[in-house]
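Below: upload.txt (compact mmCIF, C-alpha atoms)
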# COMPACT_ATOMS: atom_id res chain seq x y z
CA MET A 146 0.00 0.00 0.00
CA HIS A 147 1.46 3.36 -0.92
CA SER A 148 1.96 6.03 1.70
CA SER A 149 -1.18 7.95 2.51
CA SER A 150 1.04 10.70 3.86
CA ARG A 151 2.41 11.42 0.42
CA ARG A 152 -1.07 11.55 -1.05
CA LEU A 153 -2.47 13.73 1.68
CA LEU A 154 0.31 16.27 1.39
CA ALA A 155 -0.77 16.97 -2.20
CA THR A 156 -3.63 19.05 -0.90
CA VAL A 157 -1.22 21.44 0.75
CA ALA A 158 0.70 21.89 -2.48
CA LEU A 159 -2.44 22.83 -4.36
CA SER A 160 -2.56 26.38 -3.09
CA THR A 161 0.60 27.04 -5.09
CA VAL A 162 0.01 24.62 -7.96
CA VAL A 163 -1.23 27.24 -10.40
CA ALA A 164 1.85 29.40 -9.80
CA VAL A 165 4.14 26.41 -10.22
CA VAL A 166 2.57 25.38 -13.51
CA GLY A 167 4.09 28.27 -15.42
CA THR A 168 7.64 27.10 -14.66
CA ALA A 169 7.22 23.32 -14.33
CA CYS A 170 8.80 20.94 -16.81
CA SER A 171 6.83 18.29 -18.62
CA SER A 172 7.75 14.64 -18.32
CA GLY A 173 6.14 11.22 -18.47
CA ALA A 174 3.63 9.76 -20.85
CA GLY A 175 0.80 11.50 -22.59
CA SER A 176 2.44 13.49 -25.37
CA THR A 177 0.33 14.67 -28.29
CA ASP A 178 2.90 13.04 -30.56
CA ALA A 179 1.87 9.61 -29.32
CA LYS A 180 -1.80 10.46 -29.81
CA ASP A 181 -1.31 11.96 -33.28
CA ALA A 182 0.92 9.14 -34.46
CA ASP A 183 -1.51 6.44 -33.43
CA SER A 184 -5.04 7.16 -32.26
CA GLY A 185 -5.07 3.59 -30.91
CA ILE A 186 -2.83 4.67 -28.00
CA TYR A 187 -4.59 6.02 -24.89
CA THR A 188 -2.69 7.56 -22.01
CA ILE A 189 -3.46 6.91 -18.34
CA TRP A 190 -1.78 8.77 -15.46
CA ASP A 191 -2.09 7.48 -11.91
CA PRO A 192 -0.55 8.13 -8.45
CA TYR A 193 0.65 4.54 -7.95
CA PRO A 194 4.33 4.59 -8.95
CA GLN A 195 4.90 1.60 -6.65
CA PHE A 196 3.10 -0.64 -9.14
CA ALA A 197 5.57 -1.59 -11.86
CA LYS A 198 4.93 -3.21 -15.21
CA GLY A 199 3.62 -6.73 -14.68
CA SER A 200 1.81 -5.86 -11.41
CA ALA A 201 -1.88 -6.66 -10.96
CA TRP A 202 -2.66 -2.95 -11.45
CA THR A 203 -0.87 -2.55 -14.80
CA LYS A 204 -2.31 -5.86 -16.00
CA LEU A 205 -5.79 -4.48 -15.25
CA LEU A 206 -5.03 -1.31 -17.24
CA ASP A 207 -3.86 -3.40 -20.19
CA LYS A 208 -6.93 -5.64 -19.94
CA CYS A 209 -9.27 -2.63 -19.97
CA GLY A 210 -7.34 -1.29 -22.99
CA SER A 211 -7.70 -4.60 -24.85
CA GLN A 212 -11.45 -4.69 -24.16
CA ALA A 213 -11.76 -1.16 -25.57
CA GLY A 214 -9.60 -2.09 -28.59
CA VAL A 215 -6.71 0.26 -27.77
CA LYS A 216 -3.20 0.19 -26.32
CA ILE A 217 -2.49 1.81 -22.96
CA GLN A 218 0.46 4.10 -22.31
CA ARG A 219 0.56 4.44 -18.54
CA THR A 220 2.67 6.64 -16.24
CA GLY A 221 2.69 6.46 -12.45
CA PHE A 222 3.54 9.72 -10.65
CA ASP A 223 3.99 10.69 -7.03
CA THR A 224 0.74 12.44 -6.02
CA SER A 225 2.20 15.89 -5.36
CA ASP A 226 3.91 15.72 -8.76
CA LEU A 227 0.77 14.54 -10.52
CA ALA A 228 -1.25 17.69 -9.76
CA ASN A 229 1.42 19.95 -11.20
CA LYS A 230 2.04 17.75 -14.25
CA THR A 231 -1.69 17.62 -14.99
CA LEU A 232 -2.12 21.39 -14.93
CA LEU A 233 0.92 21.86 -17.15
CA ALA A 234 -0.28 19.21 -19.61
CA ALA A 235 -3.68 20.90 -19.83
CA GLN A 236 -1.99 24.22 -20.53
CA GLN A 237 -0.09 22.58 -23.39
CA GLY A 238 -3.13 20.74 -24.79
CA ASN A 239 -1.44 17.54 -23.74
CA SER A 240 -3.73 15.99 -21.13
CA PRO A 241 -3.88 12.24 -20.51
CA ASP A 242 -7.05 10.49 -21.63
CA VAL A 243 -7.72 9.06 -18.16
CA LEU A 244 -6.44 10.64 -14.96
CA ILE A 245 -6.60 8.95 -11.57
CA VAL A 246 -6.08 11.62 -8.94
CA ASP A 247 -6.30 12.18 -5.16
CA ASN A 248 -9.86 13.28 -4.32
CA PRO A 249 -9.06 16.76 -2.86
CA VAL A 250 -7.33 17.63 -6.14
CA VAL A 251 -10.48 17.07 -8.21
CA SER A 252 -12.14 20.40 -7.35
CA THR A 253 -8.93 22.31 -8.10
CA LEU A 254 -8.57 20.69 -11.53
CA ALA A 255 -12.29 21.17 -12.17
CA GLU A 256 -12.14 24.88 -11.33
CA ALA A 257 -9.11 25.19 -13.62
CA GLY A 258 -11.23 23.78 -16.48
CA VAL A 259 -9.09 20.64 -16.81
CA LEU A 260 -11.77 17.96 -16.31
CA THR A 261 -14.95 16.94 -18.11
CA THR A 262 -18.14 16.48 -16.09
CA THR A 263 -20.02 13.19 -15.86
CA ASP A 264 -22.81 14.93 -17.81
CA ASP A 265 -20.31 15.35 -20.66
CA ASN A 266 -18.41 12.06 -20.40
CA LYS A 267 -21.42 9.85 -19.50
CA LEU A 268 -19.66 8.05 -16.62
CA ASP A 269 -22.28 6.21 -14.56
CA THR A 270 -22.00 7.09 -10.86
CA SER A 271 -25.45 5.85 -9.80
CA LYS A 272 -24.10 3.03 -7.58
CA VAL A 273 -21.52 5.16 -5.74
CA ASP A 274 -22.19 6.11 -2.11
CA PRO A 275 -23.22 9.82 -2.18
CA ASN A 276 -20.86 10.85 0.65
CA LEU A 277 -17.89 9.48 -1.32
CA LEU A 278 -19.03 10.96 -4.64
CA ALA A 279 -19.30 14.39 -2.97
CA ALA A 280 -15.49 14.65 -2.83
CA GLY A 281 -15.49 14.90 -6.63
CA GLN A 282 -18.28 17.46 -6.92
CA SER A 283 -17.95 21.19 -7.38
CA GLY A 284 -20.51 23.83 -8.34
CA GLY A 285 -23.26 21.24 -8.65
CA LYS A 286 -21.28 19.15 -11.18
CA THR A 287 -19.58 15.76 -10.76
CA TYR A 288 -16.08 15.31 -12.19
CA GLY A 289 -15.37 11.58 -12.06
CA THR A 290 -15.99 8.52 -9.94
CA PRO A 291 -14.06 7.17 -6.93
CA ILE A 292 -11.92 4.09 -7.41
CA GLY A 293 -11.96 3.41 -3.68
CA ALA A 294 -11.77 5.11 -0.32
CA ASN A 295 -9.75 4.97 2.83
CA THR A 296 -10.37 6.80 6.05
CA LEU A 297 -9.39 6.90 9.70
CA ALA A 298 -10.52 4.81 12.66
CA LEU A 299 -9.14 3.75 16.04
CA TYR A 300 -6.98 0.65 16.18
CA TYR A 301 -6.89 -0.84 19.69
CA ASN A 302 -4.63 -3.33 21.43
CA LYS A 303 -6.88 -5.98 23.00
CA GLU A 304 -4.27 -7.11 25.55
CA VAL A 305 -3.57 -3.58 26.85
CA LEU A 306 -7.30 -2.91 27.28
CA LYS A 307 -7.82 -6.28 29.01
CA GLU A 308 -5.02 -5.57 31.50
CA ALA A 309 -6.57 -2.16 32.24
CA GLY A 310 -10.04 -3.66 32.72
CA VAL A 311 -11.52 -1.75 29.76
CA ASP A 312 -14.42 -3.27 27.83
CA ILE A 313 -14.19 -1.89 24.28
CA ALA A 314 -18.02 -2.03 24.05
CA SER A 315 -18.11 0.73 26.69
CA VAL A 316 -16.27 3.18 24.41
CA LYS A 317 -19.09 5.02 22.68
CA ASP A 318 -18.32 8.75 22.93
CA TRP A 319 -15.55 11.14 24.03
CA LYS A 320 -16.33 10.82 27.74
CA SER A 321 -16.13 7.01 27.74
CA LEU A 322 -13.01 7.06 25.53
CA THR A 323 -11.26 9.46 27.91
CA ALA A 324 -12.31 7.27 30.87
CA ALA A 325 -10.75 4.28 29.09
CA LEU A 326 -7.52 6.22 28.54
CA ALA A 327 -7.42 7.09 32.27
CA LYS A 328 -7.78 3.41 33.21
CA VAL A 329 -5.02 2.40 30.80
CA GLU A 330 -2.68 5.05 32.17
CA GLN A 331 -3.41 3.94 35.77
CA ALA A 332 -2.56 0.37 34.74
CA GLY A 333 0.92 1.57 33.69
CA LYS A 334 0.36 1.48 29.94
CA LYS A 335 0.02 4.27 27.35
CA GLY A 336 -3.24 5.75 26.09
CA ILE A 337 -3.54 6.97 22.52
CA THR A 338 -1.24 8.09 19.74
CA PHE A 339 -2.03 10.06 16.58
CA SER A 340 -0.48 12.53 14.15
CA ALA A 341 -0.84 16.26 14.90
CA ILE A 342 2.07 17.37 12.70
CA GLY A 343 1.91 20.84 11.13
CA THR A 344 0.91 19.65 7.65
CA GLU A 345 -2.22 18.40 5.88
CA GLU A 346 -1.64 15.10 7.69
CA GLY A 347 -2.29 16.84 11.02
CA SER A 348 -5.53 18.38 9.72
CA PHE A 349 -6.57 15.02 8.26
CA GLN A 350 -6.18 13.37 11.68
CA PHE A 351 -7.89 16.19 13.58
CA LEU A 352 -10.93 16.37 11.29
CA PRO A 353 -12.84 13.37 12.78
CA TRP A 354 -12.72 15.05 16.19
CA PHE A 355 -13.50 18.47 14.67
CA TRP A 356 -16.47 17.11 12.70
CA GLY A 357 -17.37 14.75 15.54
CA SER A 358 -17.96 17.81 17.74
CA GLY A 359 -20.45 19.18 15.20
CA ALA A 360 -18.03 21.88 13.96
CA GLN A 361 -17.94 23.13 10.35
CA LEU A 362 -14.85 24.11 8.33
CA THR A 363 -16.43 27.48 7.55
CA GLU A 364 -16.40 28.35 11.27
CA LEU A 365 -13.10 27.25 12.80
CA ASP A 366 -13.66 29.18 16.05
CA SER A 367 -17.05 27.73 17.01
CA ASP A 368 -17.65 26.36 20.52
CA GLU A 369 -17.79 22.88 19.01
CA ALA A 370 -14.39 23.30 17.36
CA VAL A 371 -12.91 24.56 20.64
CA SER A 372 -14.26 21.47 22.42
CA ALA A 373 -12.49 19.19 19.91
CA LEU A 374 -9.14 20.94 20.25
CA SER A 375 -9.54 21.06 24.05
CA LEU A 376 -10.03 17.26 24.02
CA TRP A 377 -6.65 16.72 22.34
CA ARG A 378 -4.90 19.33 24.50
CA ASP A 379 -6.30 17.76 27.71
CA TRP A 380 -5.12 14.31 26.64
CA LEU A 381 -1.58 15.65 26.33
CA LYS A 382 -1.81 17.52 29.65
CA LYS A 383 -2.96 14.38 31.47
CA GLY A 384 -0.39 12.15 29.77
CA TYR A 385 -3.01 10.12 27.91
CA ALA A 386 -1.31 11.04 24.60
CA PRO A 387 2.43 11.64 24.17
CA ASN A 388 3.96 15.03 23.35
CA SER A 389 5.47 13.33 20.28
CA VAL A 390 2.11 13.67 18.50
CA ILE A 391 3.06 17.29 17.69
CA ASN A 392 5.75 15.99 15.31
CA ASN A 393 4.26 12.58 14.53
CA THR A 394 3.39 11.61 10.99
CA GLN A 395 0.86 8.84 10.52
CA THR A 396 3.81 6.51 10.00
CA THR A 397 5.68 7.44 13.20
CA SER A 398 2.52 7.36 15.32
CA TRP A 399 1.83 3.90 13.91
CA GLN A 400 5.34 2.80 14.91
CA GLU A 401 4.56 3.92 18.48
CA PHE A 402 1.39 1.82 18.52
CA ALA A 403 3.14 -1.17 16.94
CA GLY A 404 5.53 -1.19 19.93
CA GLY A 405 2.70 -2.78 21.91
CA ASP A 406 2.33 -0.36 24.86
CA TYR A 407 -0.47 1.86 23.51
CA ALA A 408 -4.17 1.12 23.92
CA PHE A 409 -5.29 3.12 20.87
CA ALA A 410 -3.93 4.61 17.66
CA GLU A 411 -5.78 6.78 15.16
CA ASN A 412 -4.77 5.56 11.73
CA GLY A 413 -6.05 4.32 8.40
CA THR A 414 -6.82 1.28 6.30
CA TRP A 415 -3.31 1.49 4.83
CA GLN A 416 -1.92 0.16 8.15
CA LEU A 417 -3.89 -3.11 7.99
CA ALA A 418 -0.92 -5.11 6.74
CA GLY A 419 1.22 -3.64 9.52
CA ALA A 420 -1.45 -4.48 12.10
CA GLU A 421 -1.36 -8.12 11.04
CA LYS A 422 2.41 -8.17 11.63
CA ALA A 423 2.36 -6.28 14.94
CA GLY A 424 2.43 -9.42 17.06
CA PHE A 425 -0.60 -8.65 19.23
CA GLU A 426 -4.35 -8.96 18.89
CA TYR A 427 -5.98 -5.79 17.67
CA GLY A 428 -9.43 -4.49 16.83
CA VAL A 429 -10.79 -1.49 14.95
CA LEU A 430 -13.38 1.00 16.20
CA PRO A 431 -14.90 3.85 14.16
CA ILE A 432 -13.95 7.18 15.79
CA PRO A 433 -16.80 8.17 18.11
CA GLY A 434 -18.56 11.52 17.95
CA SER A 435 -18.58 13.72 21.05
CA GLY A 436 -22.03 12.55 22.12
CA GLY A 437 -21.94 9.08 20.53
CA GLY A 438 -22.36 7.58 17.08
CA ASN A 439 -19.64 7.53 14.43
CA ALA A 440 -17.80 10.77 13.71
CA ALA A 441 -17.36 11.74 10.07
CA ALA A 442 -13.74 11.01 9.19
CA PRO A 443 -12.19 12.48 6.04
CA THR A 444 -12.08 10.32 2.93
CA GLY A 445 -8.80 9.52 1.27
CA GLY A 446 -8.55 7.71 -2.03
CA GLU A 447 -8.60 8.61 -5.70
CA PHE A 448 -11.07 9.54 -8.43
CA VAL A 449 -11.02 8.27 -12.01
CA THR A 450 -11.49 11.38 -14.16
CA LEU A 451 -11.51 12.20 -17.88
CA PRO A 452 -9.55 15.37 -18.73
CA VAL A 453 -10.71 17.77 -21.45
CA GLN A 454 -9.37 16.86 -24.92
CA ASP A 455 -9.14 18.92 -28.10
CA ASP A 456 -10.28 15.80 -29.98
CA THR A 457 -13.66 15.13 -28.35
CA GLY A 458 -13.94 11.91 -30.34
CA ARG A 459 -11.60 10.31 -27.81
CA TYR A 460 -14.14 10.54 -24.97
CA THR A 461 -16.12 7.45 -25.97
CA THR A 462 -13.10 5.16 -25.60
CA SER A 463 -11.88 6.98 -22.47
CA GLN A 464 -15.30 6.42 -20.91
CA LYS A 465 -15.03 2.69 -21.71
CA LEU A 466 -11.63 2.59 -19.97
CA ALA A 467 -12.91 4.40 -16.87
CA THR A 468 -16.01 2.19 -16.73
CA CYS A 469 -13.87 -0.93 -16.95
CA LEU A 470 -11.57 0.25 -14.12
CA THR A 471 -14.54 0.95 -11.84
CA SER A 472 -16.71 -2.07 -12.71
CA THR A 473 -17.89 -4.19 -9.77
CA GLN A 474 -15.53 -7.06 -10.62
CA ASN A 475 -12.46 -4.89 -11.09
CA LEU A 476 -13.17 -2.63 -8.09
CA TYR A 477 -13.08 -5.64 -5.80
CA ALA A 478 -9.65 -6.72 -7.04
CA THR A 479 -8.22 -3.17 -7.15
CA ASP A 480 -9.49 -2.11 -3.73
CA THR A 481 -8.14 -5.30 -2.18
CA THR A 482 -4.73 -4.49 -3.71
CA LEU A 483 -4.85 -0.87 -2.48
CA SER A 484 -6.29 -1.70 1.00
CA TYR A 485 -9.25 0.50 0.11
CA VAL A 486 -12.92 0.22 0.93
CA ALA A 487 -14.93 0.12 -2.29
CA PRO A 488 -17.16 3.10 -3.16
CA THR A 489 -20.30 1.01 -3.74
CA SER A 490 -22.38 -1.01 -1.27
CA GLU A 491 -22.37 -3.98 -3.66
CA VAL A 492 -18.58 -4.31 -3.56
CA GLN A 493 -18.34 -3.35 0.13
CA ASN A 494 -20.62 -6.31 0.98
CA LYS A 495 -18.36 -8.57 -1.06
CA GLN A 496 -15.30 -7.27 0.82
CA VAL A 497 -16.87 -7.88 4.24
CA ALA A 498 -18.03 -11.36 3.20
CA ALA A 499 -14.44 -12.21 2.27
CA ASN A 500 -12.94 -10.51 5.36
CA PRO A 501 -15.35 -9.78 8.26
CA ALA A 502 -12.64 -7.64 9.94
CA LEU A 503 -13.32 -4.99 7.27
CA LYS A 504 -16.80 -4.25 8.66
CA ALA A 505 -15.52 -1.51 11.02
CA TRP A 506 -13.77 0.14 8.06
CA VAL A 507 -16.87 -0.05 5.87
CA ASP A 508 -18.86 1.56 8.70
CA ALA A 509 -16.23 4.31 9.01
CA VAL A 510 -16.27 4.97 5.25
CA LYS A 511 -20.09 5.09 5.27
CA SER A 512 -19.84 7.97 7.78
CA ALA A 513 -16.88 9.64 6.05
CA LYS A 514 -16.84 13.05 4.41
CA GLY A 515 -14.80 14.64 1.60
CA ARG A 516 -12.51 17.46 2.69
CA THR A 517 -13.66 19.63 -0.21
CA SER A 518 -17.35 18.64 0.14
CA GLY A 519 -19.99 21.30 0.58
CA ASP A 520 -18.49 23.29 -2.29
CA LEU A 521 -15.40 24.23 -0.27
CA GLY A 522 -13.31 23.28 -3.30
CA THR A 523 -10.12 25.31 -3.57
CA LYS A 524 -10.86 27.10 -0.27
CA TYR A 525 -10.03 23.91 1.61
CA PRO A 526 -6.20 24.07 1.47
CA LYS A 527 -6.16 27.54 3.08
CA ILE A 528 -8.65 26.51 5.78
CA SER A 529 -6.69 23.33 6.45
CA GLU A 530 -3.42 25.21 6.87
CA GLN A 531 -4.97 27.46 9.52
CA LEU A 532 -6.48 24.42 11.23
CA TRP A 533 -3.19 22.56 11.56
CA LYS A 534 -1.48 25.75 12.78
CA ALA A 535 -4.16 26.09 15.48
CA VAL A 536 -3.67 22.46 16.54
CA GLN A 537 0.08 23.02 16.79
CA SER A 538 -0.36 26.22 18.83
CA ALA A 539 -2.77 24.62 21.30
CA LEU A 540 -0.86 21.35 21.77
CA SER A 541 2.47 23.12 22.23
CA GLY A 542 0.87 25.36 24.86
CA SER A 543 1.68 28.62 23.07
CA LYS A 544 -2.05 29.48 22.78
CA SER A 545 -5.30 28.31 24.34
CA PRO A 546 -7.60 26.32 22.05
CA GLU A 547 -9.96 29.35 21.93
CA ASP A 548 -7.22 31.82 20.96
CA ALA A 549 -5.63 29.42 18.47
CA LEU A 550 -8.93 28.84 16.65
CA THR A 551 -9.92 32.53 16.75
CA SER A 552 -6.63 33.35 14.99
CA ALA A 553 -7.20 30.48 12.53
CA GLN A 554 -10.67 31.72 11.55
CA ALA A 555 -9.44 35.28 11.07
CA ALA A 556 -6.58 34.09 8.82
CA ALA A 557 -8.84 31.72 6.85
CA GLU A 558 -11.24 34.56 6.06

Target encoding structure tokens, full file:
Amino acid sequence: MHSSSRRLLATVALSTVVAVVGTACSSGAGSTDAKDADSGIYTIWDPYPQFAKGSAWTKLLDKCGSQAGVKIQRTGFDTSDLANKTLLAAQQGNSPDVLIVDNPVVSTLAEAGVLTTTDDNKLDTSKVDPNLLAAGQSGGKTYGTPIGANTLALYYNKEVLKEAGVDIASVKDWKSLTAALAKVEQAGKKGITFSAIGTEEGSFQFLPWFWGSGAQLTELDSDEAVSALSLWRDWLKKGYAPNSVINNTQTTSWQEFAGGDYAFAENGTWQLAGAEKAGFEYGVLPIPGSGGGNAAAPTGGEFVTLPVQDDTGRYTTSQKLATCLTSTQNLYATDTTLSYVAPTSEVQNKQVAANPALKAWVDAVKSAKGRTSGDLGTKYPKISEQLWKAVQSALSGSKSPEDALTSAQAAAE
């Protein structure tokens, strides 16, 4: 599974993407020469450079190409690179036929006029869960279809909780979670670890608590938002979470949990393989909302999109390729490879039938929310930056949660 951190950081880069485009250099597949020389070659760009030729992923691309009667020229980019390359290619009239891109990037590319809408390209999104599809919507239009989703939940160490006398069924809201952390700490173990680093990763990890309080990204200084940041600050003050969270990435916080002393870790589906190797029994719990129920966690994962082409005759074949990649049969195989939850109930049910342990993740994804949903679009990166700065200020003790979020809201406006 490729690093979610790398993907998530792309959002941060987007605020400067347009400026970068003017000076960036083109590379990779997708040149107009290839298209002009042979209209039977279709270019696909994706953010999975870890999958080399001969992998299950590239075999699927080739199979979809064969079924559509064309050859595939595929290039895998690092996510942060892919956004810049796509904008440059569009500027040069050089866009790939199919673009698979991190979901927060979709609204930026859409607003830049790079992507076709599903009204134009006829992609069928009727089976996709609406909360997941929302991450690819802007201005009332839909700009692609998700290939899969990941999100955040709480991993827990069954042995640590047992030793502390904590029944996981009792953890239903913030109060009961904090009570569990207190018991664990009294038993001589460690409470919870997460990533609060000053990047998009920190915002990504804070959002379930922010949204779980009832707060909205358009009002960073609400009482609900303050309650969420106060929760994290109080955990650090009481020793329920380590001070290392201020610098932790999702990877380093996972390493802390994998050591075996922590009761809980906030992390994503991409750590499932690591959890299996950790050497202790674990479970997964959707992140609780302040008063109970599942908090909305942010969705990660990519969208399959069709960029604007000068030769509109190419859309029919591009649509066949995108439909093949997101068909029920192929989604199941792809999402298993990527450690993703599928974007449709039909495939989610198939995943849970094959691996019942995925049920908690399916539940978390069902409650999840796109970071750019609600027409935030390109406003999100600026809001997110102020949010992670507020988290850093409050956890380091340089500002109270109230003051940190008041400053954040003023800067975001």

Looking at A:Ala403, A:Ala420, A:Leu430, A:Cys209, which one is nearest to Thr462 (chain A), with distances taken over all atoms listed in the file?
A:Cys209

Report, in Å with one decimal, the straight-line distance from CA of Ala373 (chain A) to CA of Val510 (chain A).
20.8 Å

Leaving out region 469-474 of chain A and any residue of its chain fewer than 6 positions from it, which residues lie within 8 Å of it when counting only C-alpha atoms, given as a PyMOL selection string?
chain A and resi 205-206+209+290-292+491-492

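Those DNA, RNA and protein residues that approach the point (-11.8, -8.2, 26.2) to within 12 Å, considering only C-alpha atoms, are Tyr301, Asn302, Lys303, Glu304, Val305, Leu306, Lys307, Glu308, Ala309, Gly310, Val311, Asp312, Ile313, Ala314, Ser315, Glu426, Tyr427 and Gly428 of chain A.
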
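Nearest to Ser512 (chain A) of all the residues A:Gly384, A:Gly281, A:Pro275, A:Gly424 is A:Pro275, based on only C-alpha atoms.
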
Would you kindly identify which residues have an atom no farther than 12 Å from (-17.8, 9.3, 13.0), using all atoms listed in the file and the file's own coordinates, and write them out as a PyMOL selection string?
chain A and resi 296-299+317-319+352-359+430-444+505-514

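Among the candidates A:Gly446, A:Gly289, A:Gly347, A:Pro501, the one nearest to Trp533 (chain A) when counting all atoms listed in the file is A:Gly347.
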
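You will find CA of Ser375 (chain A) at 22.9 Å from CA of Trp399 (chain A).
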
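Note that CA of Asp455 (chain A) and CA of Gln236 (chain A) are 11.7 Å apart.
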
Can you pull out the residues contacting Pro488 (chain A)? Cut-off 6 Å, using all atoms listed in the file, and skip same-chain residues under 5 positions away; I want them as a list of chain:residue names.
A:Val273, A:Asp274, A:Gly293
